[in-house]
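Working notes, beginning with the structure itself.
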Amino acid sequence: MIGIILAAGRGTRLRPLTYAIPKPLLPVGGKPVLEYAIENLKACKEIKKIYVAVSHSRELIENYLQHVDYGIEIETVHTLGWETGGDLKTIITSKEITDNVIVAYGDIVSKIDVNEMLNFHKKQNKPATVALFAVPKEDVYRFGIAEVQNNLVKRFVEKPKLEDAPSNLANAGYYILEKSAYSKLVMEKKKVEETLFPELAPSGNLAGYVCKPDYWLDIGTIESYRKANRMIEGIIAPNVNGK
């Protein structure tokens, strides 16, 4: 199984911070935001390698990753920043991937149990599984929202209007795709959430793994980045032993 982290965003809404530091390396709680996705993925022993999609500042990101021993092989892949669908297709094609993949978004600070998610995926025996979590109803417009029945996503709507949201179960930024699912991707600048998920859902081929993350924080804007740093300090206690 292959892990893929989509971290190709330029972080334009995080300027001026991202003029000097690539978005994936912005620190949250004392470590780069990218590291939260790496830690979640490497906890799954079935994942043998992780690819990280980057569209700029590749040398800086590679240099950082080469100086940290994560206990798993990690390789950066240059993509064009073609949204989640285009970048994912680029990695799968360029690296000739045929294994199942677990995809994580590299701009989210979260604690997702990937092993539990994978076990759920295997039990459902569907070509794709997306991790979902409950968000306040007034925030549904910020997320991809799923309608779930009997562990299956019946409908998936990307950033719906409040009155059009089928539920308050939001995309947590982690999903599992088998070859029969990701082979449907095409090389275009579109989101998986706008193409693949809505295609798979009506036919009963997208499972919905509803979880309760210990924390889930977005760093898309300066305001949310500051909020994430304040909140994570209250969630994760500092390591006073320095280990």
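The chains in the structure tokens are called A, B, ... from first to last as shown; in each chain the residues are counted from 1, and the ligands are counted from 1 in the order shown.
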
Any chance you could tabulate, as a Markdown table, the residues of region 152-188 of chain A at most 12 Å from region 39-47 of chain A with each one's nearest atom pair and distance in Å to one decimal, using only C-alpha atoms, in chain and rising number order?
| residue | atom | partner | partner_atom | distance |
| --- | --- | --- | --- | --- |
| A:Gly173 | CA | A:Asn40 | CA | 11.9 |
| A:Tyr174 | CA | A:Leu41 | CA | 9.8 |
| A:Tyr175 | CA | A:Leu41 | CA | 11.3 |
| A:Ile176 | CA | A:Leu41 | CA | 11.5 |

Exercise for review: From region 7-207 of chain A, collect each residue whose DSSP state is helix (DSSP H, G or I) and return the set as a PyMOL selection string.
Suggested key: chain A and resi 12-14+17-20+23-25+33-42+58-66+83-94+114-124+137-142+162-164+179-182+196-203

What residues in region 25-137 of chain A get the DSSP label strand (DSSP E or B)? Please answer as an NGL selection string. :A and (27-28 or 31-32 or 49-54 or 73-78 or 101-105 or 108-110 or 128-134)

With C-alpha atoms retained, could you export that selection as a PDB file, in the first residue's frame?
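After the write, again.pdb holds the following:
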ATOM      1  CA  PRO A  27       5.128  25.093  12.117  1.00  0.00           C
ATOM      2  CA  VAL A  28       2.064  24.222  14.167  1.00  0.00           C
ATOM      3  CA  LYS A  31       6.498  20.926  14.025  1.00  0.00           C
ATOM      4  CA  PRO A  32       5.691  21.381  10.327  1.00  0.00           C
ATOM      5  CA  LYS A  49       6.280   4.289   1.047  1.00  0.00           C
ATOM      6  CA  ILE A  50       4.939   7.833   1.093  1.00  0.00           C
ATOM      7  CA  TYR A  51       4.909  10.222  -1.857  1.00  0.00           C
ATOM      8  CA  VAL A  52       4.510  13.942  -1.180  1.00  0.00           C
ATOM      9  CA  ALA A  53       3.079  16.115  -3.964  1.00  0.00           C
ATOM     10  CA  VAL A  54       4.726  19.544  -4.118  1.00  0.00           C
ATOM     11  CA  GLU A  73      10.710   5.964   2.775  1.00  0.00           C
ATOM     12  CA  ILE A  74       9.435   9.371   1.675  1.00  0.00           C
ATOM     13  CA  GLU A  75       9.794  10.851  -1.804  1.00  0.00           C
ATOM     14  CA  THR A  76       8.627  14.195  -3.134  1.00  0.00           C
ATOM     15  CA  VAL A  77       6.979  14.400  -6.546  1.00  0.00           C
ATOM     16  CA  HIS A  78       6.653  17.606  -8.547  1.00  0.00           C
ATOM     17  CA  VAL A 101      -3.395   4.220  -1.967  1.00  0.00           C
ATOM     18  CA  ILE A 102      -4.210   6.165   1.182  1.00  0.00           C
ATOM     19  CA  VAL A 103      -4.378   9.881   0.445  1.00  0.00           C
ATOM     20  CA  ALA A 104      -3.898  12.587   3.063  1.00  0.00           C
ATOM     21  CA  TYR A 105      -4.061  16.360   2.718  1.00  0.00           C
ATOM     22  CA  ILE A 108      -4.523  19.782   7.842  1.00  0.00           C
ATOM     23  CA  VAL A 109      -3.473  19.305  11.453  1.00  0.00           C
ATOM     24  CA  SER A 110      -5.296  16.196  12.587  1.00  0.00           C
ATOM     25  CA  ALA A 128     -13.058   3.759  -2.141  1.00  0.00           C
ATOM     26  CA  THR A 129     -13.487   5.022   1.412  1.00  0.00           C
ATOM     27  CA  VAL A 130     -13.514   8.620   2.624  1.00  0.00           C
ATOM     28  CA  ALA A 131     -12.993   9.667   6.246  1.00  0.00           C
ATOM     29  CA  LEU A 132     -15.774  11.900   7.555  1.00  0.00           C
ATOM     30  CA  PHE A 133     -16.312  13.863  10.746  1.00  0.00           C
ATOM     31  CA  ALA A 134     -19.153  15.951  12.113  1.00  0.00           C
TER      32      ALA A 134
END

Minimum-distance residue to Ala170 (chain A), chosen among A:Arg155, A:Lys95, A:Lys111, A:Lys190 (using only C-alpha atoms):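 Nearest candidate to Ala170 (chain A) out of A:Arg155, A:Lys95, A:Lys111, A:Lys190: A:Arg155.
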
Exercise. Got a sec: who's within 10 Å of Leu88 (chain A), counting only C-alpha atoms, leaving out chain neighbours fewer than 2 positions off, as JSON, numbers by chain?
Worked result: {"A": [4, 5, 6, 53, 79, 81, 82, 83, 84, 85, 86, 90, 91, 92, 93, 103, 182, 185, 186, 187, 191, 192]}

Taken to one decimal, the CA of Ser55 (chain A)-CA of Val68 (chain A) distance is 21.1 Å

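What separates CA of Glu147 (chain A) from CA of Ala181 (chain A) is a distance of 19.4 Å.
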
*Pick from A:Glu188, A:Leu80, A:Asp113, A:Gln66, whichever lies nearest to Lys212 (chain A) using only C-alpha atoms*: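 Of A:Glu188, A:Leu80, A:Asp113, A:Gln66, the one nearest Lys212 (chain A) is A:Asp113, counting only C-alpha atoms.
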
Considering only C-alpha atoms, state which residue in the set A:Pro166, A:Glu116, A:Glu193, A:Val140 is at the smallest distance from Cys211 (chain A).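 Closest candidate: A:Glu116.
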
Next on the checklist: I'd like to know which of A:Glu59, A:Asp107, A:Asp164, A:Asp99 is closest to Ser224 (chain A), using only C-alpha atoms.
Outcome noted: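 Checking each candidate against Ser224 (chain A), we get A:Asp107 as the closest.
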
- Between CA of Arg58 (chain A) and CA of Pro22 (chain A), measure the distance and give it in Å to one decimal.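 These atoms are spaced 8.9 Å apart.
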
Shortest contact to Lys161 (chain A), candidates A:Ser203, A:Phe143, A:Leu26, A:Gln149, atoms counted only C-alpha atoms, goes to A:Phe143

With distances taken over only C-alpha atoms, the candidate from A:Glu96, A:Glu163, A:Glu223, A:Glu158 nearest Glu138 (chain A) is A:Glu163
